[in-house]
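Engineer: Structure supplied as protein-v6.cif; contents: mmCIF, C-alpha atoms and all ligand atoms.
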```cif
data_entry
#
loop_
_atom_site.label_atom_id
_atom_site.label_comp_id
_atom_site.auth_asym_id
_atom_site.auth_seq_id
_atom_site.Cartn_x
_atom_site.Cartn_y
_atom_site.Cartn_z
CA MET A 1087 -22.19 -30.90 11.26
CA ASN A 1088 -19.35 -29.13 13.04
CA ASN A 1089 -17.09 -27.34 10.61
CA GLY A 1090 -16.21 -24.67 13.16
CA TYR A 1091 -13.11 -22.49 13.08
CA ASP A 1092 -11.63 -19.91 15.42
CA ILE A 1093 -11.53 -17.42 12.53
CA ILE A 1094 -12.97 -17.31 9.05
CA ILE A 1095 -11.25 -14.80 6.80
CA VAL A 1096 -13.42 -13.63 3.92
CA GLY A 1097 -11.18 -12.47 1.06
CA ALA A 1098 -7.67 -13.90 0.73
CA GLY A 1099 -6.10 -10.94 -1.05
CA SER A 1100 -3.50 -8.51 0.29
CA PHE A 1101 -4.77 -8.05 3.85
CA GLY A 1102 -6.61 -11.36 4.15
CA MET A 1103 -3.77 -13.62 3.00
CA SER A 1104 -1.28 -12.00 5.34
CA ALA A 1105 -3.74 -12.14 8.24
CA GLY A 1106 -4.43 -15.79 7.36
CA TYR A 1107 -0.76 -16.66 7.52
CA PHE A 1108 -0.13 -14.92 10.83
CA THR A 1109 -3.28 -16.23 12.52
CA ALA A 1110 -2.56 -19.81 11.39
CA LYS A 1111 1.04 -19.39 12.59
CA SER A 1112 -0.25 -18.30 16.00
CA GLY A 1113 -2.08 -21.62 16.32
CA LEU A 1114 -5.67 -20.56 15.59
CA ARG A 1115 -7.89 -22.72 13.35
CA VAL A 1116 -8.35 -20.57 10.26
CA LEU A 1117 -10.42 -20.86 7.11
CA LEU A 1118 -9.79 -18.45 4.22
CA ILE A 1119 -12.54 -18.12 1.60
CA ASP A 1120 -12.08 -16.27 -1.67
CA ALA A 1121 -14.36 -15.75 -4.64
CA HIS A 1122 -11.33 -16.21 -6.91
CA ASN A 1123 -8.01 -18.07 -6.76
CA PRO A 1124 -5.49 -15.58 -5.25
CA PRO A 1125 -3.39 -13.98 -6.52
CA HIS A 1126 -5.71 -12.95 -9.34
CA GLU A 1127 -6.72 -9.95 -11.45
CA GLN A 1128 -10.19 -9.26 -10.05
CA GLY A 1129 -9.23 -7.10 -7.05
CA SER A 1130 -6.66 -4.56 -5.92
CA HIS A 1131 -3.40 -6.53 -5.78
CA HIS A 1132 -2.50 -7.31 -9.40
CA GLY A 1133 -0.20 -5.51 -11.83
CA GLY A 1134 2.87 -7.12 -10.26
CA THR A 1135 4.32 -4.35 -8.13
CA ARG A 1136 3.62 -1.88 -5.31
CA ILE A 1137 5.75 0.91 -3.86
CA TYR A 1138 7.15 0.40 -0.37
CA ARG A 1139 8.28 3.47 1.58
CA SER A 1140 8.06 4.47 5.22
CA ALA A 1141 8.11 8.30 5.35
CA TYR A 1142 4.40 8.77 6.02
CA THR A 1143 2.49 11.99 6.31
CA MET A 1144 -0.86 10.71 7.59
CA GLY A 1145 -0.01 10.28 11.26
CA PRO A 1146 2.50 8.36 13.38
CA ALA A 1147 0.50 5.10 13.29
CA TYR A 1148 1.27 4.79 9.57
CA ALA A 1149 5.02 5.32 9.89
CA GLN A 1150 5.23 2.80 12.73
CA LEU A 1151 3.23 0.23 10.74
CA ALA A 1152 5.34 0.89 7.64
CA LEU A 1153 8.60 0.39 9.55
CA ARG A 1154 7.35 -2.90 11.05
CA ALA A 1155 6.11 -3.92 7.60
CA GLY A 1156 9.62 -3.34 6.26
CA GLU A 1157 11.05 -5.75 8.85
CA LEU A 1158 8.43 -8.35 7.96
CA TRP A 1159 9.09 -7.97 4.21
CA SER A 1160 12.80 -8.59 4.88
CA GLU A 1161 11.93 -11.68 6.94
CA LEU A 1162 9.63 -12.94 4.20
CA ALA A 1163 12.30 -12.35 1.53
CA GLU A 1164 14.86 -14.17 3.68
CA GLU A 1165 12.50 -17.09 4.23
CA ALA A 1166 11.78 -17.23 0.50
CA ARG A 1167 15.52 -17.21 -0.28
CA GLU A 1168 16.31 -19.88 2.32
CA TRP A 1169 13.78 -22.28 0.91
CA GLY A 1170 15.63 -22.03 -2.39
CA SER A 1171 14.48 -22.92 -5.84
CA SER A 1172 13.92 -26.62 -5.15
CA HIS A 1173 11.16 -25.86 -2.66
CA TYR A 1174 9.44 -23.49 -5.06
CA CYS A 1175 9.73 -25.96 -7.91
CA GLY A 1176 8.09 -28.50 -5.60
CA SER A 1177 5.22 -26.02 -5.06
CA GLY A 1178 4.81 -25.39 -8.76
CA MET A 1179 6.54 -21.99 -8.43
CA ALA A 1180 9.50 -20.64 -10.35
CA LYS A 1181 12.21 -18.88 -8.32
CA ALA A 1182 11.44 -15.54 -10.00
CA ASP A 1183 7.89 -15.86 -8.67
CA ALA A 1184 9.30 -15.69 -5.15
CA GLU A 1185 10.98 -12.26 -5.32
CA ILE A 1186 9.46 -10.22 -2.50
CA PHE A 1187 11.21 -6.85 -2.48
CA ARG A 1188 13.74 -4.98 -4.59
CA LYS A 1189 15.49 -2.01 -2.99
CA THR A 1190 15.34 0.54 -5.81
CA GLY A 1191 14.95 3.62 -3.59
CA VAL A 1192 11.88 5.85 -3.92
CA VAL A 1193 12.03 9.55 -4.77
CA SER A 1194 9.09 11.85 -4.00
CA ILE A 1195 9.03 14.99 -6.14
CA GLY A 1196 6.97 18.10 -5.42
CA ASP A 1197 7.02 21.89 -5.14
CA THR A 1198 9.99 23.07 -3.08
CA ASN A 1199 7.94 24.47 -0.21
CA SER A 1200 5.07 22.01 -0.43
CA ARG A 1201 3.52 20.27 2.53
CA PHE A 1202 3.87 17.09 0.45
CA LEU A 1203 7.68 17.21 0.82
CA GLN A 1204 7.91 18.90 4.21
CA SER A 1205 5.65 16.39 5.96
CA LYS A 1206 7.63 13.48 4.52
CA GLN A 1207 10.84 15.10 5.74
CA ASP A 1208 9.31 15.60 9.21
CA SER A 1209 8.35 11.91 9.27
CA CYS A 1210 11.91 10.88 8.26
CA MET A 1211 13.36 13.02 11.05
CA GLU A 1212 10.89 11.79 13.67
CA PHE A 1213 11.38 8.10 12.91
CA GLY A 1214 15.06 8.11 11.91
CA ILE A 1215 14.27 7.16 8.30
CA PRO A 1216 17.28 7.84 6.02
CA TYR A 1217 16.55 10.46 3.36
CA GLU A 1218 18.15 13.04 1.08
CA ARG A 1219 16.70 16.30 -0.24
CA LEU A 1220 17.71 16.90 -3.86
CA LYS A 1221 17.46 20.01 -6.07
CA PRO A 1222 16.32 19.68 -9.73
CA LYS A 1223 19.86 19.59 -11.12
CA GLU A 1224 20.93 17.00 -8.54
CA LEU A 1225 17.91 14.85 -9.41
CA MET A 1226 18.68 15.00 -13.14
CA ASP A 1227 22.44 14.44 -12.66
CA ARG A 1228 21.75 11.33 -10.60
CA TRP A 1229 18.88 10.03 -12.79
CA PRO A 1230 19.18 11.47 -16.31
CA GLY A 1231 15.87 9.82 -17.24
CA PHE A 1232 14.04 12.57 -15.32
CA CYS A 1233 13.20 16.09 -16.50
CA ILE A 1234 12.51 18.14 -13.36
CA PRO A 1235 10.88 21.59 -13.47
CA GLU A 1236 12.29 24.54 -11.55
CA HIS A 1237 10.88 25.29 -8.09
CA THR A 1238 10.62 21.53 -7.53
CA GLU A 1239 12.65 19.29 -5.26
CA GLY A 1240 12.98 15.62 -4.42
CA LEU A 1241 13.05 13.65 -1.19
CA TYR A 1242 14.85 10.38 -1.73
CA GLU A 1243 14.38 7.34 0.56
CA PRO A 1244 17.24 4.96 -0.27
CA GLN A 1245 15.85 2.07 1.83
CA ALA A 1246 12.51 2.10 0.02
CA GLY A 1247 11.66 0.15 -3.11
CA VAL A 1248 9.35 -2.22 -4.89
CA LEU A 1249 7.21 -5.03 -3.46
CA PHE A 1250 6.14 -7.86 -5.75
CA SER A 1251 2.50 -7.98 -4.70
CA GLU A 1252 1.31 -11.12 -6.48
CA ASN A 1253 4.44 -13.05 -5.45
CA ILE A 1254 3.82 -12.01 -1.85
CA ILE A 1255 0.26 -13.30 -1.88
CA ARG A 1256 1.46 -16.55 -3.49
CA VAL A 1257 4.20 -17.05 -0.87
CA TYR A 1258 1.94 -16.14 2.09
CA ARG A 1259 -0.58 -18.65 0.76
CA ILE A 1260 2.01 -21.44 0.76
CA LEU A 1261 3.14 -20.45 4.25
CA ALA A 1262 -0.44 -20.28 5.55
CA GLU A 1263 -1.21 -23.74 4.17
CA ARG A 1264 1.97 -25.05 5.78
CA CYS A 1265 0.77 -23.63 9.12
CA GLY A 1266 -2.52 -25.51 8.78
CA ALA A 1267 -4.88 -22.87 7.32
CA ASP A 1268 -7.76 -24.27 5.25
CA PHE A 1269 -8.73 -22.62 1.97
CA ARG A 1270 -11.90 -22.49 -0.10
CA THR A 1271 -11.17 -20.72 -3.38
CA ASN A 1272 -13.45 -19.86 -6.28
CA GLU A 1273 -16.21 -19.82 -3.64
CA ARG A 1274 -18.07 -16.53 -3.19
CA VAL A 1275 -19.31 -15.52 0.25
CA GLU A 1276 -22.96 -14.55 -0.03
CA SER A 1277 -23.81 -13.58 3.53
CA ILE A 1278 -22.44 -13.34 7.04
CA VAL A 1279 -24.91 -13.91 9.86
CA SER A 1280 -23.85 -12.70 13.30
CA GLY A 1281 -24.69 -14.75 16.36
CA SER A 1282 -23.98 -14.22 20.03
CA ALA A 1283 -21.54 -17.13 20.25
CA GLN A 1284 -20.89 -18.17 16.65
CA GLN A 1285 -20.81 -16.46 13.29
CA MET A 1286 -22.19 -18.13 10.18
CA VAL A 1287 -20.73 -17.62 6.70
CA ARG A 1288 -22.80 -18.75 3.71
CA THR A 1289 -21.06 -19.22 0.39
CA SER A 1290 -21.99 -20.35 -3.09
CA ALA A 1291 -21.00 -23.88 -1.98
CA GLY A 1292 -21.67 -24.29 1.72
CA THR A 1293 -22.05 -22.90 5.23
CA TYR A 1294 -19.20 -22.45 7.69
CA TYR A 1295 -19.04 -21.44 11.35
CA ALA A 1296 -16.45 -19.61 13.41
CA ASP A 1297 -16.08 -17.69 16.65
CA ARG A 1298 -15.12 -14.64 14.65
CA VAL A 1299 -15.14 -13.50 11.02
CA LEU A 1300 -12.58 -11.12 9.54
CA VAL A 1301 -13.77 -9.53 6.29
CA CYS A 1302 -10.95 -8.47 3.93
CA GLY A 1303 -13.08 -8.29 0.81
CA GLY A 1304 -11.38 -5.26 -0.74
CA ALA A 1305 -13.22 -2.83 -3.00
CA PHE A 1306 -16.67 -4.45 -2.85
CA SER A 1307 -16.71 -5.24 0.87
CA ALA A 1308 -19.92 -3.23 1.30
CA ALA A 1309 -21.77 -5.98 -0.55
CA LEU A 1310 -21.07 -8.15 2.51
CA LEU A 1311 -21.15 -5.51 5.23
CA PRO A 1312 -23.80 -2.83 4.51
CA GLU A 1313 -22.22 -0.68 7.28
CA LEU A 1314 -19.43 0.04 4.80
CA LYS A 1315 -21.75 1.42 2.10
CA HIS A 1316 -20.62 5.02 2.53
CA LEU A 1317 -17.13 4.17 3.76
CA VAL A 1318 -15.46 2.05 1.05
CA ARG A 1319 -15.76 3.31 -2.53
CA PRO A 1320 -14.47 1.18 -5.44
CA VAL A 1321 -12.60 3.35 -7.95
CA ARG A 1322 -11.25 2.32 -11.36
CA LYS A 1323 -7.58 3.08 -11.99
CA ALA A 1324 -5.71 2.93 -15.30
CA ILE A 1325 -2.05 1.86 -15.36
CA GLY A 1326 0.40 1.75 -18.28
CA TRP A 1327 3.71 0.02 -19.01
CA PHE A 1328 5.95 1.97 -21.37
CA GLU A 1329 9.01 0.93 -23.36
CA ALA A 1330 12.17 2.49 -21.93
CA PRO A 1331 15.94 2.22 -22.38
CA ALA A 1332 17.29 0.07 -19.54
CA CYS A 1333 20.47 2.17 -19.31
CA LEU A 1334 18.34 5.12 -18.12
CA TYR A 1335 15.31 3.46 -16.53
CA GLY A 1336 16.41 -0.01 -15.39
CA SER A 1337 15.88 -0.88 -11.71
CA GLY A 1338 19.64 -0.76 -11.04
CA VAL A 1339 19.87 2.87 -12.16
CA PHE A 1340 16.43 4.43 -11.70
CA PRO A 1341 14.21 4.65 -8.59
CA ALA A 1342 10.50 4.19 -8.06
CA PHE A 1343 8.88 7.64 -7.86
CA ILE A 1344 5.91 9.69 -6.71
CA VAL A 1345 5.32 13.09 -8.30
CA ASN A 1346 2.98 15.64 -6.77
CA LYS A 1347 1.99 18.29 -9.33
CA GLY A 1348 0.68 21.53 -7.88
CA GLY A 1349 -0.63 19.96 -4.69
CA THR A 1350 -3.53 18.11 -6.30
CA GLU A 1351 -2.33 15.74 -9.02
CA GLU A 1352 -0.24 12.74 -8.01
CA TYR A 1353 1.48 10.29 -10.35
CA TYR A 1354 3.68 7.36 -9.39
CA GLY A 1355 5.80 4.84 -11.19
CA PHE A 1356 8.34 2.07 -11.20
CA PRO A 1357 11.67 1.58 -12.95
CA ASP A 1358 11.92 -1.01 -15.69
CA LEU A 1359 12.10 -4.34 -13.83
CA ASP A 1360 13.88 -6.90 -16.00
CA GLY A 1361 12.48 -5.66 -19.29
CA ARG A 1362 8.87 -5.25 -18.16
CA GLY A 1363 8.88 -1.51 -19.00
CA VAL A 1364 8.39 1.61 -16.89
CA LYS A 1365 5.01 1.34 -15.13
CA VAL A 1366 3.10 4.58 -14.50
CA GLY A 1367 -0.22 5.32 -12.78
CA ARG A 1368 -2.15 8.22 -11.32
CA HIS A 1369 -3.18 8.22 -7.67
CA ASP A 1370 -5.85 10.95 -7.53
CA GLY A 1371 -9.15 10.84 -9.44
CA GLY A 1372 -10.78 7.85 -11.14
CA GLU A 1373 -14.38 6.79 -11.66
CA THR A 1374 -16.53 5.02 -9.08
CA VAL A 1375 -17.42 1.44 -10.02
CA LEU A 1376 -20.84 0.03 -9.12
CA PRO A 1377 -20.98 -3.44 -7.53
CA GLY A 1378 -21.43 -6.12 -10.16
CA ALA A 1379 -20.58 -3.73 -13.03
CA GLU A 1380 -17.88 -4.72 -15.54
CA LEU A 1381 -14.59 -2.87 -15.04
CA PRO A 1382 -14.07 -1.07 -18.37
CA PRO A 1383 -10.71 -2.25 -19.78
CA PHE A 1384 -7.75 0.07 -20.34
CA GLY A 1385 -8.31 2.28 -23.37
CA THR A 1386 -12.11 2.45 -22.96
CA HIS A 1387 -11.58 6.15 -22.21
CA PRO A 1388 -9.04 8.04 -24.39
CA GLU A 1389 -7.73 9.77 -21.24
CA ASP A 1390 -6.52 6.39 -19.87
CA GLU A 1391 -3.45 6.71 -22.07
CA GLU A 1392 -3.45 10.48 -22.73
CA ASP A 1393 -3.19 11.36 -19.07
CA LEU A 1394 -0.23 9.05 -18.39
CA GLN A 1395 1.43 10.12 -21.63
CA SER A 1396 1.20 13.82 -20.80
CA PHE A 1397 2.86 13.15 -17.44
CA ILE A 1398 5.61 11.15 -19.18
CA ASN A 1399 6.17 13.91 -21.74
CA LEU A 1400 6.87 16.35 -18.92
CA TYR A 1401 8.83 14.27 -16.39
CA LEU A 1402 10.19 11.19 -18.22
CA PRO A 1403 10.83 12.44 -21.79
CA LYS A 1404 13.15 9.58 -22.76
CA VAL A 1405 10.51 6.93 -22.06
CA GLY A 1406 9.05 5.38 -25.24
CA SER A 1407 5.57 4.29 -26.26
CA LEU A 1408 2.90 2.35 -24.38
CA SER A 1409 3.47 -1.40 -24.52
CA LYS A 1410 0.63 -2.56 -22.25
CA GLY A 1411 -2.26 -1.06 -20.31
CA GLY A 1412 -4.31 -2.39 -17.42
CA THR A 1413 -6.93 -1.47 -14.85
CA CYS A 1414 -7.17 -2.14 -11.15
CA LEU A 1415 -9.46 -1.13 -8.27
CA TYR A 1416 -8.79 1.28 -5.45
CA GLU A 1417 -10.88 0.76 -2.30
CA ASN A 1418 -11.12 4.36 -1.16
CA ALA A 1419 -12.08 5.25 2.40
CA PRO A 1420 -12.66 8.78 3.79
CA GLY A 1421 -9.40 10.74 3.95
CA GLU A 1422 -7.61 7.67 2.51
CA HIS A 1423 -7.46 6.33 6.08
CA PHE A 1424 -7.62 2.60 6.67
CA LEU A 1425 -10.58 1.01 8.45
CA ILE A 1426 -9.56 -1.82 10.74
CA GLY A 1427 -11.31 -3.34 13.73
CA GLU A 1428 -14.41 -5.00 15.07
CA LEU A 1429 -17.73 -3.58 13.85
CA PRO A 1430 -19.29 -1.64 16.75
CA GLU A 1431 -22.79 -3.06 16.30
CA ARG A 1432 -21.70 -6.61 15.43
CA PRO A 1433 -19.34 -8.15 17.96
CA GLY A 1434 -17.39 -11.01 16.41
CA ILE A 1435 -17.31 -9.44 12.93
CA TRP A 1436 -14.09 -7.66 12.00
CA PHE A 1437 -13.06 -5.72 8.93
CA ALA A 1438 -9.68 -4.69 7.50
CA GLY A 1439 -9.63 -2.56 4.38
CA GLY A 1440 -9.96 0.90 2.94
CA GLY A 1441 -6.37 0.65 1.69
CA SER A 1442 -7.18 3.62 -0.59
CA GLY A 1443 -4.43 3.01 -3.12
CA HIS A 1444 -1.62 2.91 -0.59
CA GLY A 1445 -2.42 -0.11 1.60
CA PHE A 1446 -0.33 -2.90 0.16
CA LYS A 1447 2.97 -1.91 1.75
CA PHE A 1448 1.34 -2.34 5.18
CA SER A 1449 -0.30 -5.69 4.53
CA SER A 1450 2.41 -7.66 6.36
CA SER A 1451 2.28 -5.61 9.56
CA ILE A 1452 -1.51 -5.27 9.43
CA GLY A 1453 -1.81 -9.06 9.10
CA GLU A 1454 0.54 -9.59 12.01
CA ALA A 1455 -1.24 -7.03 14.22
CA LEU A 1456 -4.67 -8.48 13.38
CA SER A 1457 -3.49 -11.96 14.31
CA GLN A 1458 -2.26 -10.65 17.67
CA LEU A 1459 -5.54 -8.83 18.33
CA LEU A 1460 -7.58 -11.90 17.40
CA ALA A 1461 -5.39 -14.29 19.40
CA VAL A 1462 -4.62 -12.33 22.57
CA GLY A 1463 -6.57 -9.08 22.35
CA ARG A 1464 -3.63 -6.70 21.94
CA SER A 1465 -1.05 -5.99 19.23
CA HIS A 1466 2.49 -4.63 19.09
CA CYS A 1467 1.55 -2.12 16.38
CA ASP A 1468 -1.37 0.02 17.53
CA LEU A 1469 -4.34 -0.20 15.14
CA SER A 1470 -6.71 1.86 17.29
CA SER A 1471 -6.51 4.96 15.08
CA PHE A 1472 -8.10 2.92 12.25
CA ALA A 1473 -11.09 1.83 14.35
CA PHE A 1474 -14.68 2.29 13.15
CA GLN A 1475 -15.78 4.51 16.01
CA ARG A 1476 -14.13 7.48 14.29
CA SER A 1477 -16.04 6.92 11.02
CA LEU A 1478 -19.51 5.48 11.61
C1 LIG A 1501 -3.29 0.43 -9.48
C2 LIG A 1501 -2.99 0.31 -8.02
C3 LIG A 1501 -1.77 0.75 -7.55
C4 LIG A 1501 -1.47 0.66 -6.19
N1 LIG A 1501 -0.22 1.04 -5.76
C5 LIG A 1501 0.12 0.86 -4.47
C6 LIG A 1501 1.45 1.13 -4.05
O1 LIG A 1501 2.32 1.49 -4.85
N2 LIG A 1501 1.76 0.90 -2.74
C7 LIG A 1501 0.84 0.44 -1.86
O2 LIG A 1501 1.19 0.28 -0.68
N3 LIG A 1501 -0.44 0.18 -2.23
C8 LIG A 1501 -0.82 0.36 -3.51
N4 LIG A 1501 -2.08 0.07 -3.93
C9 LIG A 1501 -3.11 -0.30 -2.92
C10 LIG A 1501 -3.11 -1.74 -2.53
O3 LIG A 1501 -2.80 -2.59 -3.61
C11 LIG A 1501 -4.47 -2.07 -1.90
O4 LIG A 1501 -4.69 -1.15 -0.83
C12 LIG A 1501 -4.53 -3.48 -1.38
O5 LIG A 1501 -4.20 -4.41 -2.39
C13 LIG A 1501 -5.95 -3.77 -0.86
O6 LIG A 1501 -5.98 -5.05 -0.30
P1 LIG A 1501 -7.33 -5.78 0.07
O7 LIG A 1501 -6.94 -7.02 0.77
O8 LIG A 1501 -8.27 -4.83 0.72
O9 LIG A 1501 -8.00 -6.12 -1.36
P2 LIG A 1501 -7.67 -7.32 -2.39
O10 LIG A 1501 -6.21 -7.59 -2.45
O11 LIG A 1501 -8.37 -6.97 -3.65
O12 LIG A 1501 -8.36 -8.58 -1.71
C14 LIG A 1501 -9.76 -8.70 -1.58
C15 LIG A 1501 -10.11 -10.16 -1.80
O13 LIG A 1501 -11.46 -10.37 -1.40
C16 LIG A 1501 -12.04 -11.29 -2.30
N5 LIG A 1501 -13.49 -11.13 -2.23
C17 LIG A 1501 -14.21 -10.01 -2.46
N6 LIG A 1501 -15.53 -10.25 -2.28
C18 LIG A 1501 -15.63 -11.56 -1.89
C19 LIG A 1501 -16.72 -12.40 -1.55
N7 LIG A 1501 -18.00 -11.96 -1.57
N8 LIG A 1501 -16.47 -13.69 -1.24
C20 LIG A 1501 -15.19 -14.15 -1.20
N9 LIG A 1501 -14.13 -13.39 -1.52
C21 LIG A 1501 -14.34 -12.12 -1.86
C22 LIG A 1501 -11.43 -10.92 -3.64
O14 LIG A 1501 -11.51 -11.99 -4.57
C23 LIG A 1501 -10.00 -10.58 -3.25
O15 LIG A 1501 -9.15 -11.71 -3.38
C24 LIG A 1501 -2.43 0.15 -5.28
C25 LIG A 1501 -3.67 -0.30 -5.76
C26 LIG A 1501 -3.94 -0.23 -7.11
C27 LIG A 1501 -5.26 -0.72 -7.61
#
```
Would you put the structure from the file into structure tokens?
Structural biologist:
Amino acid sequence: MNNGYDIIIVGAGSFGMSAGYFTAKSGLRVLLIDAHNPPHEQGSHHGGTRIYRSAYTMGPAYAQLALRAGELWSELAEEAREWGSSHYCGSGMAKADAEIFRKTGVVSIGDTNSRFLQSKQDSCMEFGIPYERLKPKELMDRWPGFCIPEHTEGLYEPQAGVLFSENIIRVYRILAERCGADFRTNERVESIVSGSAQQMVRTSAGTYYADRVLVCGGAFSAALLPELKHLVRPVRKAIGWFEAPACLYGSGVFPAFIVNKGGTEEYYGFPDLDGRGVKVGRHDGGETVLPGAELPPFGTHPEDEEDLQSFINLYLPKVGSLSKGGTCLYENAPGEHFLIGELPERPGIWFAGGGSGHGFKFSSSIGEALSQLLAVGRSHCDLSSFAFQRSL
């Protein structure tokens, strides 16, 4: 039986779905396999929204990728708009399910002389990213929903905003199918066997062959690639949606935000998007989740709510009570740096992941760059600083 493909993508979530679209668009024969039916709530892309910003402090490769991602998000939003509601109705999608990006602006708040703010400002200056520095009174005059302590400042990126993560995966999936990608969903990959000429992927339902395999399995990727055992750590994160007056916290009047407290604690959040409430989460910390273990639901630990509430009491005092809680998985890699490339000891097997709680915004440009690398061996955005050689 010859069910061979140029590429099999294992995991059709944030990175995998985008890579699937771009590789299919480039003319390669692609099969995407996912244990669930993306978008879904079993990985790292649910909860509706992700922050997009481009002032990056982790090295120039990130800022370049973020800027290219921004162009690709605009193209995707344009394409989604052009198709119009009739197309989406035909695909079983409502028009609201096709919103890709909302430009709310993003403000980063930290100690006045912190590296957190200074490095973002340096990145804005180096890459020509528009920004404003704002003192506490200026922050509170512009956004009266905030309470900002003294000795703190903000760096505002007006071009930044909110990505609709599940919508994006849904739209990329439609586009990938239109470009000829095959899908096997609700089919778990059990093993990947490397060969000199062909790779073999065994699932709960069958066996598939391809020249190359790209693993984008998210938090539990080490179950498929033991090389990742000490490199990708699944971490449980608690998120809350809180009632809030739209006149103070609606997306037309309030930005998305990241708050660094004292250099170690980092909270982030979103304005109220069409009555869904202000969403707040914490970036640092969280408990490691063992493969196969149940993810304890929100509220299992009292601190799930207490922690978010104490942040709200300090910085967002006019926000009301919790309306909904949820949990999601980070896929943390050392130094929060992505891991992307071919495995050194297993030619033909690629991995893209380690998004470490900040990867979604890059998923468009990472997918595009991966497709270029897989198709022609080089990419416009340089992914070499994410290669495995630096980590293994
Ligand atoms: C609470 C939270 C907030 C975040 N906020 C932001 C933010 O504001 N901005 C930002 O840029 N990023 C953010 N992130 C990070 C971002 O969402 C992740 O980095 C990104 O979604 C990771 O993508 P992925 O493709 O690696 O994983 P996923 O999207 O989880 O995809 C992995 C896929 O692999 C499939 N899979 C796994 N194992 C198998 C198998 N054996 N067989 C078949 N399929 C399999 C899964 O079903 C899943 O569909 C946040 C993450 C979380 C959890």
Engineer: Here is a test: counting all atoms listed in the file, which residue of A:Pro1312, A:Gly1304, A:Gly1411, A:Gly1240 is nearest to Gly1196 of chain A?
Structural biologist: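 Checking each of A:Pro1312, A:Gly1304, A:Gly1411, A:Gly1240 against Gly1196 of chain A, counting all atoms listed in the file, the winner is A:Gly1240.
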Engineer: Go through the chains and note each residue within 6 Å of ligand LIG 1501 (chain A), using all atoms listed in the file, then give the set as a count of residues only.
Structural biologist: 37
Engineer: Which centre and edge lengths in Å to one decimal define the box along x, y and z that fits every listed atom of segment 1270-1289 of chain A plus 5 Å per side, as JSON?
Structural biologist:
```
{"center_x": -18.0, "center_y": -17.6, "center_z": 7.0, "size_x": 23.7, "size_y": 19.8, "size_z": 36.5}
```
Engineer: Which residues, written as a PyMOL selection string, have at least one atom at most 10 Å from Arg1288 of chain A, with all atoms listed in the file counted and residues fewer than 5 positions away on the same chain left out?
Structural biologist: chain A and resi 1273-1279+1293-1295
Engineer: When you count all atoms listed in the file, which of these residues is closest to Ile1344 of chain A: A:Trp1229, A:Phe1202, A:Phe1213, A:Trp1327?
Structural biologist: A:Phe1202
Engineer: Smallest atom-to-atom distance to Ser1470 of chain A: which of A:Met1226, A:Ala1141, A:Leu1394, A:Ala1147, using all atoms listed in the file?
Structural biologist: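 For Ser1470 of chain A, the nearest of the given residues is A:Ala1147.
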Engineer: Step by step: start from the point (-4.1, -25.3, 4.4) in the file's coordinates, keep every protein, DNA or RNA residue that has an atom no farther than 12 Å from it, count all atoms listed in the file, and write the set as a list in words.
Structural biologist: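 Within 12 Å of (-4.1, -25.3, 4.4), the protein and nucleic acid residues are Met1103, Gly1106, Tyr1107, Ala1110, Lys1111, Arg1115, Val1116, Leu1117, Leu1118, Ile1119, Tyr1258, Arg1259, Ile1260, Leu1261, Ala1262, Glu1263, Arg1264, Cys1265, Gly1266, Ala1267, Asp1268, Phe1269, Arg1270 and Thr1271 of chain A.
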Engineer: May I have the residues within 10 Å of Ile1195 of chain A as a ChimeraX atom specification, using only C-alpha atoms and disregarding those fewer than 3 positions away in the same chain?
Structural biologist: /A:1192,1198,1200,1202-1203,1219-1222,1225,1234,1238-1242,1343-1347,1352-1354
Engineer: Could the residues of segment 1372-1468 of chain A that have an atom at most 7 Å from segment 1148-1171 of chain A be listed as a tab-separated table, each with its closest atom pair and the distance in Å to one decimal, counting only C-alpha atoms and ordered by chain and ascending residue number?
Structural biologist:
```
residue	atom	partner	partner_atom	distance
A:Lys1447	CA	A:Ala1155	CA	6.9
A:Phe1448	CA	A:Ala1155	CA	5.6
A:Ser1450	CA	A:Ala1155	CA	5.4
A:Ser1451	CA	A:Ala1155	CA	4.6
A:Cys1467	CA	A:Leu1151	CA	6.3
```
Engineer: Any idea what's packed within 12 Å of Ala1379 of chain A, counting only C-alpha atoms, ignoring anything in its chain fewer than 3 positions away? Could you give it as an MDAnalysis selection string?
Structural biologist: chainID A and resid 1306 1320:1322 1374:1376 1382
Engineer: Grab the atom CA of Leu1469 of chain A to atom CA of Pro1420 of chain A distance for me, in Å with one decimal place.
Structural biologist: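 Separation of atom CA of Leu1469 of chain A and atom CA of Pro1420 of chain A: 16.7 Å.
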Engineer: So, with only C-alpha atoms as the atoms that count, which of A:Gly1113, A:Gly1440, A:Pro1433, A:Gly1326 lies closest to Val1405 of chain A?
Structural biologist: A:Gly1326
Engineer: When you draw a straight line from atom CA of Gly1247 of chain A to atom CA of Val1366 of chain A, how long is it in Å?
Structural biologist: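 According to the coordinates, atom CA of Gly1247 of chain A and atom CA of Val1366 of chain A are separated by 14.9 Å.
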